[in-house]
$ cat data.cif   # mmCIF, C-alpha atoms
data_input
#
loop_
_atom_site.label_atom_id
_atom_site.label_comp_id
_atom_site.auth_asym_id
_atom_site.auth_seq_id
_atom_site.Cartn_x
_atom_site.Cartn_y
_atom_site.Cartn_z
CA MET A 107 -41.14 5.30 2.48
CA PRO A 108 -39.43 7.29 5.24
CA MET A 109 -37.10 5.50 7.67
CA ASP A 110 -39.35 5.72 10.74
CA GLU A 111 -42.19 4.17 8.82
CA LYS A 112 -39.95 1.36 7.60
CA THR A 113 -38.80 0.66 11.14
CA LYS A 114 -42.42 0.50 12.22
CA THR A 115 -43.41 -1.84 9.38
CA LEU A 116 -40.41 -4.00 10.24
CA GLN A 117 -41.45 -4.31 13.89
CA GLU A 118 -45.07 -4.96 13.00
CA ASP A 119 -44.14 -7.64 10.50
CA PHE A 120 -42.08 -9.53 13.05
CA GLU A 121 -44.80 -9.14 15.68
CA LYS A 122 -47.29 -10.72 13.30
CA ASN A 123 -45.02 -13.67 12.59
CA PHE A 124 -43.33 -14.09 15.96
CA ALA A 125 -45.27 -17.25 16.84
CA ASP A 126 -43.25 -19.15 14.24
CA LEU A 127 -39.92 -17.65 15.25
CA GLU A 128 -37.45 -18.59 17.95
CA LEU A 129 -35.13 -15.69 17.27
CA VAL A 130 -35.01 -12.43 15.35
CA ILE A 131 -31.71 -10.98 14.21
CA GLY A 132 -31.76 -7.30 13.32
CA TRP A 133 -30.23 -3.99 14.28
CA GLU A 134 -30.87 -1.75 17.27
CA THR A 135 -29.66 1.69 18.26
CA GLY A 136 -26.18 1.45 19.73
CA PHE A 137 -24.74 3.47 22.59
CA ASP A 138 -25.97 6.62 20.85
CA ARG A 139 -28.17 7.38 17.88
CA LEU A 140 -25.19 7.65 15.58
CA HIS A 141 -24.48 3.95 15.94
CA ALA A 142 -26.44 0.84 15.09
CA THR A 143 -25.52 -2.55 16.45
CA PRO A 144 -26.77 -6.09 15.83
CA VAL A 145 -29.49 -7.32 18.17
CA PHE A 146 -30.79 -10.81 18.94
CA ILE A 147 -34.40 -10.87 20.05
CA ARG A 148 -36.05 -13.89 21.69
CA GLN A 149 -39.00 -12.17 23.41
CA PRO A 150 -41.77 -10.44 21.41
CA SER A 151 -41.75 -7.64 24.01
CA GLU A 152 -38.28 -6.67 22.83
CA LEU A 153 -39.25 -6.18 19.19
CA GLY A 154 -39.52 -2.44 19.80
CA LYS A 155 -35.73 -2.32 19.87
CA LEU A 156 -35.50 -3.06 16.15
CA VAL A 157 -34.50 -0.20 13.90
CA TRP A 158 -33.76 0.37 10.25
CA ASN A 159 -31.67 3.36 9.15
CA PRO A 160 -28.58 4.09 7.05
CA LEU A 161 -26.35 3.18 9.99
CA CYS A 162 -27.35 -0.50 9.86
CA SER A 163 -24.23 -1.47 7.98
CA GLN A 164 -23.44 -4.82 9.59
CA ASN A 165 -24.03 -7.92 7.51
CA LEU A 166 -25.99 -10.22 9.83
CA SER A 167 -25.95 -13.36 7.72
CA GLY A 168 -22.58 -14.46 9.09
CA TYR A 169 -24.12 -15.15 12.51
CA LEU A 170 -26.29 -17.89 11.04
CA ALA A 171 -23.38 -20.03 9.94
CA LYS A 172 -20.89 -19.15 12.66
CA ASN A 173 -22.74 -18.59 15.92
CA LEU A 174 -25.97 -20.49 15.37
CA ASP A 175 -26.31 -23.86 13.82
CA ALA A 176 -28.83 -22.95 11.18
CA SER A 177 -28.03 -25.88 8.92
CA ILE A 178 -30.68 -28.17 10.37
CA GLN A 179 -34.25 -27.55 11.31
CA GLU A 180 -35.23 -29.07 14.63
CA ASP A 181 -38.47 -27.96 16.19
CA GLY A 182 -40.09 -26.24 13.26
CA LYS A 183 -39.28 -22.81 14.63
CA LYS A 184 -37.60 -20.38 12.32
CA ILE A 185 -34.96 -17.72 12.63
CA GLY A 186 -36.02 -14.28 11.49
CA ILE A 187 -33.32 -12.18 9.90
CA CYS A 188 -33.16 -8.72 8.35
CA VAL A 189 -31.11 -8.36 5.18
CA LYS A 190 -30.10 -5.59 2.83
CA GLY A 191 -29.38 -6.34 -0.82
CA CYS A 192 -25.72 -7.18 -0.23
CA ASP A 193 -26.51 -9.29 2.86
CA SER A 194 -29.08 -11.31 0.94
CA ARG A 195 -26.38 -12.33 -1.53
CA SER A 196 -24.19 -13.63 1.30
CA LEU A 197 -27.22 -15.53 2.53
CA VAL A 198 -27.63 -17.18 -0.87
CA ALA A 199 -23.97 -18.21 -0.87
CA LEU A 200 -24.32 -19.75 2.60
CA ILE A 201 -27.47 -21.61 1.58
CA GLN A 202 -25.69 -22.94 -1.52
CA GLU A 203 -22.83 -24.20 0.61
CA ASN A 204 -25.28 -25.93 2.97
CA PHE A 205 -24.39 -23.86 5.97
CA ILE A 206 -27.99 -22.77 6.32
CA ASP A 207 -31.28 -24.46 5.60
CA ARG A 208 -33.52 -22.07 3.67
CA ASP A 209 -36.62 -23.53 5.37
CA ARG A 210 -35.18 -22.55 8.72
CA LEU A 211 -35.23 -18.88 7.81
CA TYR A 212 -37.77 -16.14 7.75
CA ILE A 213 -36.07 -13.45 5.69
CA VAL A 214 -37.14 -9.84 5.79
CA GLY A 215 -35.51 -7.98 2.93
CA ILE A 216 -35.04 -4.24 2.97
CA PRO A 217 -34.11 -2.30 -0.18
CA CYS A 218 -31.18 -0.15 0.87
CA GLU A 219 -30.18 3.31 -0.29
CA GLY A 220 -26.69 2.87 1.11
CA THR A 221 -25.10 2.93 4.53
CA VAL A 222 -23.28 5.87 6.05
CA ASP A 223 -19.58 5.45 6.74
CA LEU A 224 -19.15 6.97 10.19
CA ARG A 225 -15.45 7.60 9.66
CA ARG A 226 -16.15 9.67 6.58
CA LEU A 227 -18.92 11.53 8.39
CA MET A 228 -16.76 12.29 11.41
CA HIS A 229 -13.99 13.42 9.08
CA LEU A 230 -16.33 16.03 7.58
CA LYS A 231 -17.86 17.03 10.91
CA PRO A 232 -15.57 16.03 13.79
CA SER A 233 -17.68 17.83 16.40
CA LEU A 234 -20.85 15.90 15.60
CA GLU A 235 -22.84 15.08 18.73
CA ASN A 236 -26.36 14.70 20.11
CA VAL A 237 -27.50 13.10 16.90
CA ARG A 238 -31.18 12.35 16.75
CA LYS A 239 -31.58 10.80 13.33
CA VAL A 240 -29.69 9.91 10.18
CA ASP A 241 -31.55 9.47 6.94
CA ILE A 242 -31.00 9.51 3.21
CA GLU A 243 -33.14 11.74 1.01
CA GLY A 244 -32.34 11.40 -2.66
CA ASP A 245 -28.74 12.48 -3.18
CA GLU A 246 -28.29 13.81 0.33
CA ALA A 247 -27.63 12.30 3.71
CA VAL A 248 -29.54 14.19 6.38
CA VAL A 249 -28.22 14.23 9.92
CA GLU A 250 -30.51 15.73 12.55
CA THR A 251 -28.98 16.76 15.84
CA ASP A 252 -30.59 18.46 18.83
CA GLN A 253 -29.28 21.79 17.55
CA GLU A 254 -29.38 21.65 13.77
CA THR A 255 -30.07 19.69 10.59
CA LEU A 256 -27.03 18.93 8.47
CA ARG A 257 -27.06 17.84 4.84
CA PHE A 258 -24.18 16.09 3.10
CA PRO A 259 -23.91 14.93 -0.51
CA ILE A 260 -24.01 11.14 -0.43
CA GLU A 261 -20.72 10.79 -2.37
CA ASN A 262 -18.97 12.23 0.68
CA VAL A 263 -20.52 10.22 3.48
CA LEU A 264 -21.74 6.89 2.13
CA ALA A 265 -19.53 3.84 2.53
CA ARG A 266 -17.53 3.42 -0.66
CA LYS A 267 -18.93 -0.07 -1.14
CA CYS A 268 -22.41 1.45 -1.19
CA LEU A 269 -21.52 4.01 -3.84
CA ARG A 270 -20.69 1.20 -6.23
CA CYS A 271 -23.54 -1.07 -5.17
CA LEU A 272 -25.24 -3.01 -7.93
CA TYR A 273 -27.69 -4.86 -5.67
CA PRO A 274 -29.65 -2.44 -3.46
CA ASN A 275 -32.59 -4.87 -3.43
CA PRO A 276 -32.67 -8.19 -1.62
CA VAL A 277 -32.40 -11.13 -4.04
CA ILE A 278 -34.01 -13.57 -1.60
CA TYR A 279 -36.74 -12.74 0.94
CA ASP A 280 -40.06 -13.76 2.43
CA THR A 281 -41.23 -10.23 3.03
CA MET A 282 -39.95 -7.03 1.52
CA ILE A 283 -40.17 -3.76 3.43
CA GLY A 284 -40.55 -0.80 1.08
CA THR A 285 -40.26 -0.70 -2.67
CA PRO A 286 -37.36 -1.89 -4.86
CA LEU A 287 -34.73 0.70 -5.76
CA LYS A 288 -32.64 1.35 -8.82
CA PRO A 289 -28.87 0.89 -8.51
CA ARG A 290 -26.88 4.14 -8.73
CA ILE A 291 -24.12 2.66 -10.86
CA SER A 292 -24.15 0.79 -14.16
CA GLU A 293 -22.46 -2.57 -14.46
CA ASP A 294 -19.75 -1.42 -16.86
CA LYS A 295 -18.48 1.19 -14.40
CA LEU A 296 -18.46 -1.19 -11.43
CA TYR A 297 -14.79 -2.12 -11.58
CA SER A 298 -13.36 1.09 -13.00
CA ALA A 299 -11.10 1.52 -9.95
CA VAL A 300 -9.75 -2.02 -10.33
CA GLU A 301 -9.23 -1.55 -14.06
CA LYS A 302 -7.28 1.62 -13.42
CA PHE A 303 -5.17 -0.17 -10.84
CA ASP A 304 -4.52 -2.99 -13.31
CA THR A 305 -2.90 -0.61 -15.74
CA SER A 306 -0.29 0.56 -13.23
CA ASP A 307 3.24 -0.78 -13.08
CA ARG A 308 3.81 -4.14 -11.37
CA LYS A 309 6.21 -2.68 -8.79
CA GLN A 310 3.72 0.05 -8.09
CA ARG A 311 1.03 -2.52 -7.42
CA LEU A 312 3.26 -4.42 -5.03
CA ALA A 313 4.17 -1.18 -3.28
CA PHE A 314 0.50 -0.28 -2.98
CA TRP A 315 -0.43 -3.57 -1.32
CA LYS A 316 2.60 -3.43 0.93
CA THR A 317 1.59 0.01 2.15
CA GLU A 318 -2.00 -1.04 2.66
CA PHE A 319 -1.20 -4.34 4.38
CA ASN A 320 1.41 -2.71 6.56
CA ARG A 321 -1.44 -0.99 8.42
CA CYS A 322 -2.88 -4.38 9.31
CA ILE A 323 -2.49 -5.42 12.94
CA ARG A 324 -3.76 -8.94 12.30
CA CYS A 325 -6.65 -8.54 14.72
CA TYR A 326 -8.64 -10.88 12.45
CA ALA A 327 -11.72 -8.67 12.74
CA CYS A 328 -12.02 -8.68 8.95
CA ARG A 329 -12.17 -12.45 9.04
CA ASN A 330 -14.74 -12.45 11.84
CA ALA A 331 -16.92 -9.92 10.06
CA CYS A 332 -16.78 -11.75 6.75
CA PRO A 333 -19.95 -13.86 6.41
CA LEU A 334 -18.22 -16.43 4.20
CA CYS A 335 -15.11 -16.91 6.37
CA VAL A 336 -16.61 -19.96 8.05
CA CYS A 337 -13.63 -22.07 9.21
CA GLN A 338 -13.87 -20.58 12.71
CA ASP A 339 -11.42 -22.30 15.08
CA ASN A 340 -9.88 -24.22 12.19
CA CYS A 341 -8.74 -21.06 10.42
CA ILE A 342 -5.25 -21.77 9.09
CA ALA A 343 -4.13 -18.29 10.09
CA GLU A 344 -4.31 -19.38 13.72
CA SER A 345 -3.66 -23.10 13.63
CA ARG A 346 -0.28 -24.51 14.62
CA LYS A 347 -0.74 -27.61 12.56
CA PRO A 348 -0.60 -26.89 9.68
CA LYS A 349 1.43 -23.84 10.54
CA TRP A 350 0.99 -21.11 7.96
CA LEU A 351 1.58 -18.01 10.02
CA THR A 352 3.84 -17.37 12.98
CA GLN A 353 3.44 -14.84 15.76
CA ARG A 354 6.22 -12.79 14.20
CA ASP A 355 5.21 -9.33 13.08
CA GLY A 356 6.28 -7.76 9.83
CA ILE A 357 4.95 -7.36 6.36
CA ARG A 358 5.47 -10.96 5.22
CA GLU A 359 3.05 -12.46 7.74
CA LYS A 360 0.52 -9.71 7.18
CA PHE A 361 0.75 -10.06 3.44
CA LEU A 362 0.32 -13.81 3.61
CA PHE A 363 -2.67 -13.52 5.93
CA HIS A 364 -4.48 -11.37 3.40
CA MET A 365 -3.55 -13.77 0.63
CA ILE A 366 -5.12 -16.56 2.69
CA HIS A 367 -8.28 -14.52 3.15
CA GLY A 368 -8.35 -13.54 -0.52
CA LEU A 369 -7.74 -16.97 -1.98
CA HIS A 370 -10.11 -18.73 0.40
CA LEU A 371 -12.87 -16.44 -0.85
CA ALA A 372 -11.96 -16.72 -4.52
CA GLY A 373 -15.10 -17.62 -6.43
CA ARG A 374 -17.23 -17.40 -3.29
CA CYS A 375 -17.09 -13.73 -2.39
CA THR A 376 -20.37 -11.87 -2.92
CA GLU A 377 -18.73 -8.46 -2.48
CA CYS A 378 -20.84 -7.43 0.50
CA GLY A 379 -17.97 -5.15 1.50
CA GLU A 380 -17.89 -6.16 5.20
CA MET B 291 39.19 -10.67 14.63
CA ASN B 292 35.88 -9.21 13.52
CA LYS B 293 37.58 -7.32 10.77
CA LYS B 294 39.13 -10.52 9.51
CA ARG B 295 35.77 -12.28 9.55
CA ASP B 296 34.09 -9.42 7.68
CA MET B 297 36.78 -9.63 5.05
CA MET B 298 36.22 -13.34 4.67
CA ILE B 299 32.49 -12.84 4.29
CA SER B 300 32.91 -10.15 1.68
CA GLU B 301 35.40 -12.29 -0.20
CA THR B 302 33.15 -15.32 -0.31
CA GLY B 303 30.24 -12.98 -1.06
CA THR B 304 31.88 -11.68 -4.19
CA GLN B 305 33.08 -15.09 -5.21
CA ARG B 306 29.73 -16.77 -5.12
CA GLU B 307 26.72 -15.53 -7.01
CA LYS B 308 23.46 -15.84 -5.09
CA GLU B 309 22.16 -19.31 -5.69
CA ILE B 310 18.85 -19.53 -7.54
CA LYS B 311 16.20 -21.61 -5.79
CA ILE B 312 13.25 -23.04 -7.64
CA ILE B 313 10.60 -25.02 -5.81
CA GLY B 314 8.99 -27.83 -7.76
CA PHE B 315 5.70 -29.38 -6.67
CA LEU B 316 5.44 -32.71 -8.51
CA CYS B 317 2.61 -35.19 -8.41
CA ASN B 318 3.53 -38.63 -7.17
CA TRP B 319 2.11 -40.56 -10.12
CA CYS B 320 3.31 -38.74 -13.23
CA SER B 321 5.76 -35.88 -12.96
CA TYR B 322 7.73 -37.29 -10.04
CA GLY B 323 8.09 -40.46 -12.10
CA GLY B 324 8.97 -38.35 -15.13
CA ALA B 325 11.72 -36.60 -13.22
CA ASP B 326 12.93 -40.00 -12.07
CA THR B 327 12.95 -41.26 -15.67
CA ALA B 328 14.99 -38.22 -16.69
CA GLY B 329 17.45 -39.05 -13.90
CA VAL B 330 17.65 -42.75 -14.78
CA CYS B 331 18.28 -41.86 -18.42
CA ARG B 332 21.05 -39.52 -17.21
CA PHE B 333 19.69 -36.47 -18.99
CA LYS B 334 21.61 -33.36 -18.00
CA GLN B 335 19.44 -31.07 -15.84
CA PRO B 336 19.97 -27.74 -14.10
CA THR B 337 20.48 -28.10 -10.34
CA ASP B 338 18.34 -25.17 -9.16
CA LEU B 339 15.18 -27.17 -8.63
CA ARG B 340 14.15 -28.45 -5.17
CA ILE B 341 11.43 -31.02 -5.56
CA ILE B 342 8.51 -31.48 -3.18
CA ARG B 343 6.47 -34.59 -3.85
CA ILE B 344 2.71 -34.23 -3.51
CA PRO B 345 0.15 -37.03 -3.79
CA CYS B 346 -1.68 -35.34 -6.67
CA THR B 347 -1.74 -31.84 -8.12
CA GLY B 348 -5.22 -31.69 -6.60
CA ARG B 349 -3.30 -31.29 -3.32
CA MET B 350 -1.91 -27.99 -4.60
CA ASP B 351 -3.12 -25.05 -2.63
CA PRO B 352 -2.46 -21.81 -4.55
CA LEU B 353 -1.18 -20.53 -1.22
CA PHE B 354 1.82 -22.88 -1.47
CA VAL B 355 2.93 -20.86 -4.46
CA VAL B 356 2.11 -17.49 -2.93
CA LYS B 357 3.92 -18.32 0.30
CA SER B 358 7.01 -19.59 -1.53
CA LEU B 359 7.21 -16.42 -3.59
CA ILE B 360 6.60 -14.10 -0.64
CA TYR B 361 9.26 -15.89 1.39
CA GLY B 362 11.83 -15.50 -1.36
CA ALA B 363 11.77 -18.56 -3.61
CA ASP B 364 12.98 -17.48 -7.04
CA GLY B 365 10.55 -19.62 -8.98
CA VAL B 366 7.78 -22.17 -8.48
CA LEU B 367 7.08 -25.01 -10.89
CA VAL B 368 4.00 -27.20 -10.54
CA SER B 369 3.73 -30.34 -12.61
CA GLY B 370 1.29 -33.23 -12.70
CA CYS B 371 -0.42 -35.80 -14.88
CA HIS B 372 -1.84 -34.71 -18.20
CA PRO B 373 -5.53 -33.79 -18.04
CA LYS B 374 -7.65 -36.98 -18.25
CA ASP B 375 -4.65 -39.02 -17.03
CA CYS B 376 -5.00 -38.20 -13.34
CA HIS B 377 -4.52 -41.17 -11.01
CA TYR B 378 -7.50 -39.87 -9.05
CA ALA B 379 -9.48 -39.06 -12.21
CA VAL B 380 -10.04 -35.33 -11.67
CA GLY B 381 -7.38 -34.00 -9.26
CA ASN B 382 -5.43 -32.22 -11.95
CA LEU B 383 -8.58 -30.58 -13.29
CA TYR B 384 -9.17 -28.96 -9.90
CA ALA B 385 -5.50 -27.99 -9.92
CA ARG B 386 -5.79 -26.45 -13.36
CA ARG B 387 -8.63 -24.21 -12.20
CA ARG B 388 -6.70 -23.09 -9.15
CA MET B 389 -3.48 -22.52 -11.05
CA GLU B 390 -5.25 -20.49 -13.74
CA LEU B 391 -6.84 -18.39 -11.01
CA LEU B 392 -3.44 -17.88 -9.46
CA LYS B 393 -1.84 -16.91 -12.77
CA ARG B 394 -4.33 -14.06 -13.04
CA PHE B 395 -4.11 -13.17 -9.36
CA LEU B 396 -0.32 -12.86 -9.03
CA PRO B 397 0.03 -9.80 -11.30
CA PHE B 398 -2.74 -8.07 -9.33
CA ILE B 399 -0.81 -8.31 -6.07
CA GLY B 400 2.37 -7.22 -7.85
CA ILE B 401 4.23 -10.53 -8.07
CA ASP B 402 5.88 -11.39 -11.38
CA THR B 403 3.72 -14.17 -12.84
CA ASN B 404 6.67 -15.46 -14.90
CA ARG B 405 8.15 -16.85 -11.70
CA PHE B 406 5.33 -19.35 -11.57
CA ARG B 407 4.62 -22.04 -14.15
CA TYR B 408 2.54 -25.20 -14.28
CA THR B 409 2.92 -28.01 -16.78
CA TRP B 410 1.88 -31.61 -17.37
CA VAL B 411 4.56 -34.30 -17.65
CA SER B 412 3.82 -38.02 -17.56
CA ALA B 413 6.06 -40.68 -16.00
CA SER B 414 7.45 -41.81 -19.35
CA GLU B 415 8.33 -38.33 -20.59
CA GLY B 416 11.85 -38.00 -19.22
CA GLN B 417 12.93 -36.00 -22.22
CA LEU B 418 10.05 -33.57 -21.87
CA TRP B 419 10.88 -33.15 -18.18
CA GLN B 420 14.45 -32.24 -19.02
CA GLN B 421 13.18 -29.67 -21.49
CA VAL B 422 10.66 -28.17 -19.03
CA VAL B 423 13.20 -27.85 -16.22
CA THR B 424 15.90 -26.40 -18.48
CA GLU B 425 13.57 -23.83 -19.99
CA PHE B 426 12.08 -22.75 -16.68
CA SER B 427 15.50 -22.50 -15.01
CA GLU B 428 16.76 -20.36 -17.86
CA GLU B 429 13.73 -18.11 -17.48
CA ILE B 430 14.32 -17.72 -13.74
CA HIS B 431 18.03 -17.04 -14.26
CA ARG B 432 17.03 -14.35 -16.73
CA LEU B 433 14.66 -12.79 -14.15
CA GLY B 434 17.35 -13.00 -11.46
CA PRO B 435 16.88 -13.49 -7.71
CA ASN B 436 13.42 -12.79 -6.31
CA ALA B 437 13.50 -9.86 -3.91
CA GLY B 438 9.93 -10.72 -2.91
CA LEU B 439 8.45 -8.21 -0.54
CA ASN B 440 11.83 -6.53 -0.09
CA GLU B 441 11.73 -5.25 -3.63
CA LYS B 442 13.04 -1.71 -3.77
CA MET B 443 11.48 0.86 -6.01
CA ASP B 444 13.41 3.37 -8.04
CA ALA B 445 12.75 7.00 -7.18
CA GLU B 446 10.61 7.60 -10.25
CA THR B 447 8.21 4.76 -9.53
CA ALA B 448 7.93 5.82 -5.90
CA LEU B 449 7.09 9.35 -6.96
CA SER B 450 4.43 8.26 -9.42
CA LEU B 451 2.83 6.16 -6.69
CA PHE B 452 2.71 9.22 -4.52
CA ASN B 453 1.10 11.24 -7.29
CA THR B 454 -1.68 8.82 -8.10
CA LYS B 455 -2.78 8.55 -4.47
#
$ encode --input "data.cif" --output "structure tokens"
Amino acid sequence: MPMDEKTKTLQEDFEKNFADLELVIGWETGFDRLHATPVFIRQPSELGKLVWNPLCSQNLSGYLAKNLDASIQEDGKKIGICVKGCDSRSLVALIQENFIDRDRLYIVGIPCEGTVDLRRLMHLKPSLENVRKVDIEGDEAVVETDQETLRFPIENVLARKCLRCLYPNPVIYDTMIGTPLKPRISEDKLYSAVEKFDTSDRKQRLAFWKTEFNRCIRCYACRNACPLCVCQDNCIAESRKPKWLTQRDGIREKFLFHMIHGLHLAGRCTECGE
Amino acid sequence: MNKKRDMMISETGTQREKEIKIIGFLCNWCSYGGADTAGVCRFKQPTDLRIIRIPCTGRMDPLFVVKSLIYGADGVLVSGCHPKDCHYAVGNLYARRRMELLKRFLPFIGIDTNRFRYTWVSASEGQLWQQVVTEFSEEIHRLGPNAGLNEKMDAETALSLFNTK
């Protein structure tokens, strides 16, 4: 099913069911057609804003636990939410941990062919502008602008998490838009990069993480985007009591922050790649 | 004046070897008692261990270990009640899961996993405690001081890192 049709089906489905819903969380077109951004819809007249395309990369399930109290059902009204395969797995984890009541949700699952990493796209085509549409057709990402139609092999423009995605289809949903897809990668190849890394020298590994973490500016956006980082204001990275991290800069604090994030997600992470 | 002070520093610096610091997290009910037993029995023990008493090994956050090692502790020893002997029934079982996770995680982030050890010592096992502490201290002395995140790479390793990227 082409993207436009999916968007239409998505809007129609929510229109049909809007009487039971107090809120719909989905994606809309951002400040231009090359960006998608989360949208919260409370009026049926605004449903036309909803879109579905390969730019809808944000995992929306985090909002349910962090910004809305979706753990209890009050007036019988539900929250409608759009999920990709990876997002649906986060949703399951949040339901298991009792952050969300399943009965409170109306889940629309969308099988996903992968999301486009804008940074990779802009790297290939820095002068990209006046984009009209981005779509995925088979092994190619198609970008239509006012002037021309560009085609890129998906290996070059998809987010890396999407290239090694094992769950393109939602694992939990009330309605599915489109037909289920086959994953591009087999399970045994999933962690080949990690396995390769594991064979390197210990000092090399430490040096690698030091280089990577040195880029961190501790803006905590990774924590805010992570659907399972649910401590909110009680996050130990920011609390003074207990005091884990100081305001000092330098690699030690950055390193420790990422250890906190990593170990707090150990056994819980669903690898949504946010 | 400054010159004199620098000389003094360098003299004392050469005289004294860098002291090894090992952090021990001991549970209140078993291992802390075990260490006490070892002391009461006057068993000879290495002096590198700094003990932190915790209510139960279930209190152990793997991050305690990670933070100690990042901030330059030379070794971390965690010790609690034997499985099934926990004062709070299951605290040490939670701890065991976390510590096993950590043992696999440390090599991944490039920290020598030999600097971290967890054991079970009960309050009556003074002798065993002496043995555990002596062995672990010897191991840490063999590994030398922990450079932590300041670890320098030799030129060859640095080059190979550059090549694989």
$ resolve_selection --input "data.cif" --expression "the PyMOL selection byres ((chain B and resi 402) around 10)" --output "VMD selection string"
(chain A and resid 308 to 309 312) or (chain B and resid 359 365 393 396 to 401 403 to 406 433 436 438)
$ residues_around --input "data.cif" --residues "Leu200 of chain A" --least-positions-apart "6" --cutoff "10 Å" --atoms "all atoms listed in the file" --output "list in words"
Ser167, Gly168, Leu170, Ala171, Ser177, Ser194, Ile206, Asp207, Arg208, Pro333, Leu334, Val336 and Arg374 of chain A
$ closest_residue --input "data.cif" --among "A:Ile323, A:Gly373, A:Gly191, A:Arg139" --to "Arg354 of chain A" --atoms "all atoms listed in the file"
A:Ile323
$ closest_residue --input "data.cif" --among "A:Arg290, A:Arg311, A:Lys360, A:Lys347" --to "chain B" --atoms "only C-alpha atoms"
A:Arg311
$ resolve_selection --input "data.cif" --expression "the PyMOL selection byres ((chain A) within 8 of (chain B))" --output "list of chain:residue names"
A:Asp304, A:Arg308, A:Lys309, A:Gln310, A:Arg311, A:Leu312, A:Ala313, A:Phe314, A:Trp315, A:Lys316, A:Ile357, A:Arg358, A:Leu362, A:Met365, A:Ile366, A:Leu369
$ resolve_selection --input "data.cif" --expression "the PyMOL selection byres ((chain B and resi 407-417) around 9)" --output "number ranges by chain"
B: 319-331, 333, 365-373, 375, 386, 389, 393, 403-406, 418-422, 426
$ atom_distance --input "data.cif" --atom1 "atom CA of Ser298 of chain A" --atom2 "atom CA of Arg266 of chain A"
13.2 Å
$ decode --input "data.cif" --residues "segment 279-324 of chain A" --atoms "C-alpha atoms" --output "compact mmCIF listing (two decimals), in the first residue's frame"
# COMPACT_ATOMS: atom_id res chain seq x y z
CA TYR A 279 -2.39 -3.49 18.14
CA ASP A 280 -6.13 -3.01 17.82
CA THR A 281 -6.02 -2.12 14.16
CA MET A 282 -3.27 -2.72 11.67
CA ILE A 283 -2.78 -0.40 8.71
CA GLY A 284 -1.36 -2.23 5.71
CA THR A 285 0.00 -5.73 5.51
CA PRO A 286 2.74 -7.35 7.63
CA LEU A 287 6.28 -7.16 6.28
CA LYS A 288 9.24 -9.49 6.34
CA PRO A 289 12.31 -8.39 8.30
CA ARG A 290 15.35 -7.58 6.13
CA ILE A 291 17.84 -9.22 8.46
CA SER A 292 18.04 -12.71 9.95
CA GLU A 293 18.37 -13.17 13.68
CA ASP A 294 21.87 -14.63 13.58
CA LYS A 295 23.27 -11.54 11.87
CA LEU A 296 21.56 -9.10 14.23
CA TYR A 297 24.50 -8.54 16.55
CA SER A 298 27.36 -9.01 14.11
CA ALA A 299 28.66 -5.49 14.83
CA VAL A 300 28.64 -6.14 18.57
CA GLU A 301 30.33 -9.51 18.13
CA LYS A 302 33.06 -7.90 16.06
CA PHE A 303 33.52 -5.24 18.71
CA ASP A 304 33.74 -7.93 21.40
CA THR A 305 36.75 -9.48 19.73
CA SER A 306 38.78 -6.26 19.87
CA ASP A 307 41.37 -5.51 22.53
CA ARG A 308 40.13 -4.31 25.94
CA LYS A 309 42.07 -1.04 25.73
CA GLN A 310 40.69 -0.49 22.27
CA ARG A 311 37.16 -0.91 23.58
CA LEU A 312 37.76 1.58 26.36
CA ALA A 313 39.27 4.02 23.89
CA PHE A 314 36.27 3.60 21.60
CA TRP A 315 33.76 4.41 24.33
CA LYS A 316 35.85 7.30 25.57
CA THR A 317 35.90 8.81 22.09
CA GLU A 318 32.19 8.28 21.63
CA PHE A 319 31.18 9.55 25.07
CA ASN A 320 33.48 12.53 24.78
CA ARG A 321 31.08 13.93 22.17
CA CYS A 322 28.29 13.87 24.74
CA ILE A 323 27.22 17.27 26.06
CA ARG A 324 24.97 15.76 28.72
